[in-house]
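Engineer: After the structure tokens below, expect a handful of questions from me.
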Amino acid sequence: MKKTLLLLALSTLFLSGCKQGKEIINLPRTNASSEVVTAVDSFVQATQTRPVAPDSITLHSIMILKHGKIVYEKWFNGQSAETPHPMFSVSKTFTATAIGLAINEGKLNLTDSVVKFFPDKLPAEQSDNLKAMTVRDLLTMTCGHDVEPNSSRIDSIDWVESFLAWPVVHKPGEYYLYNSVGTYMLSAIIQKVTGEKLIDYLDTRLFQPLHIARPEWEESPQGINCGGWGLSLKTEDMAKMGQLFLQKGEWNGKQIVPAEWLKEMSSYQVPSAPSGTRFEDLEKAGLNKDNNEWVQGYGYQMWICRHNAFRADGYAGQYIMVFPDRDAVLVLTTSSSLYQPYIDLIWEYLLPIL
């Protein structure tokens with residue numbers, strides 16, 4: 001009798017852990033081939049020897065998936081498998097995923113105007129361009145700003161009010177400008193239409209199904225998750241997100257994110273330019289599709305890559321790279337002062353083994 005009660009108690013505890021997302025199930029693993037090990041070793045060496053001071057590349061982790069299995073994983077410089085890493089702008093991809101889930105639940109639409117969600121935070125005078133700005137424009141970073149509204153991130157002001165008061169110089173949908181505060185607005189919209197913070201909304205719909213322990217996500221002074229930055233995840237958590245894209249939103253036999261939404265997120269939607277660079281300056285800077293990874297096009301909070309790939313991309317070299325043609329995912333966490341030269345090393349050494 002006592003044994004039966006103990007088994008029942010353990011069973012209840014296990015099920016409770018599952019419901020709360022506490023049961024963490026890892027991805028399957030297989031032994032790395034000698035070819036993979038050699039290629040990664042060469043890549044690691046190149047990241048140390050190629051940069052010329054003061055530039056540097058400090059690797060924190062590498063994880064490679066093929067056909068849904070981890071074929072290589074390694075951590076560097078004091079990092080570990082259990083250490084969450086700042087995602088910086090990789091956070092944006094998770095925010096866009098939440099928008100797709102909310103659209104699927106009928107809580108909003110791509111064509112909804114941004115101003116409709118915040119009638120109490122609008123400036124006294126609203127330009128036609130501000131009124132025309134839509135959810136899709138936030139997703140594609142074509143809000144219409146001529147300069148990113150970075151002052152919106154000052155702690156002493158309301159970030160939503162500041163964003164809405166910022167001049168919208170261009171017609172929304174027609175002018176790309178990298179805009180992290182626009183992603184914060186997507187987080188604010190999620191909180192407005194669902195009554196939940198972005199982190200809570202995603203916890204039950206994305207993190208728990210992927211068996212990702214509830215992560216930390218920074219907030220604004222108004223108690224809204226930053227959306228465009230501030231999420232921290234483990235390397236394997238990132239890999240699971242990449243694998244979810246490969247599996248078109250299906251996980252363990254269940255469709256947890258609409259396949260069509262993930263396809264839209266990871267497909268070319270608008271032309272793009274590197275953060276801090278205006279379109280009219282690309283030619284002067286010598287940037288084009290042959291030599292720069294940030295002018296390949298932009299989806300919904302994701303970058304298009306060469307080699308038929310796409311990626312979630314964060315400051316200083318945080319990448320979830322997805323290669324549908326190769327059924328592969330490459331994850332890297334890094335502290336790097338280099339951008340294109342770093343990705344060039346990825347193409348040179350790691351792409352061939354994918």
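All residue names refer to the structure tokens as shown: chains lettered A, B, ... in order, residues numbered from 1 in each chain, ligands numbered from 1 in order.
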Residues of segment 149-214 of chain A classed as helix (DSSP H, G or I) by DSSP on the backbone are to be reported as a VMD selection string.

Structural biologist: chain A and resid 150 to 153 159 to 165 180 to 194 198 to 207

Engineer: When DSSP is applied to the backbone of this structure, which of segment 131-275 of chain A are assigned strand (DSSP E or B)? Write them out as a list in words.

Structural biologist: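 Filtering segment 131-275 of chain A down to strand (DSSP E or B) leaves Thr134, Glu216, Trp217, Glu219, Asn225, Leu231, Ser232, Leu233, Glu250, Trp251, Lys254, Gln255 and Val270 of chain A.
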
Engineer: Might you pull out every residue within 6 Å of segment 91-99 of chain A, with only C-alpha atoms counted and same-chain residues fewer than 3 positions away left off, and present them as a PyMOL selection string?

Structural biologist: chain A and resi 87+102+227-229+231+301
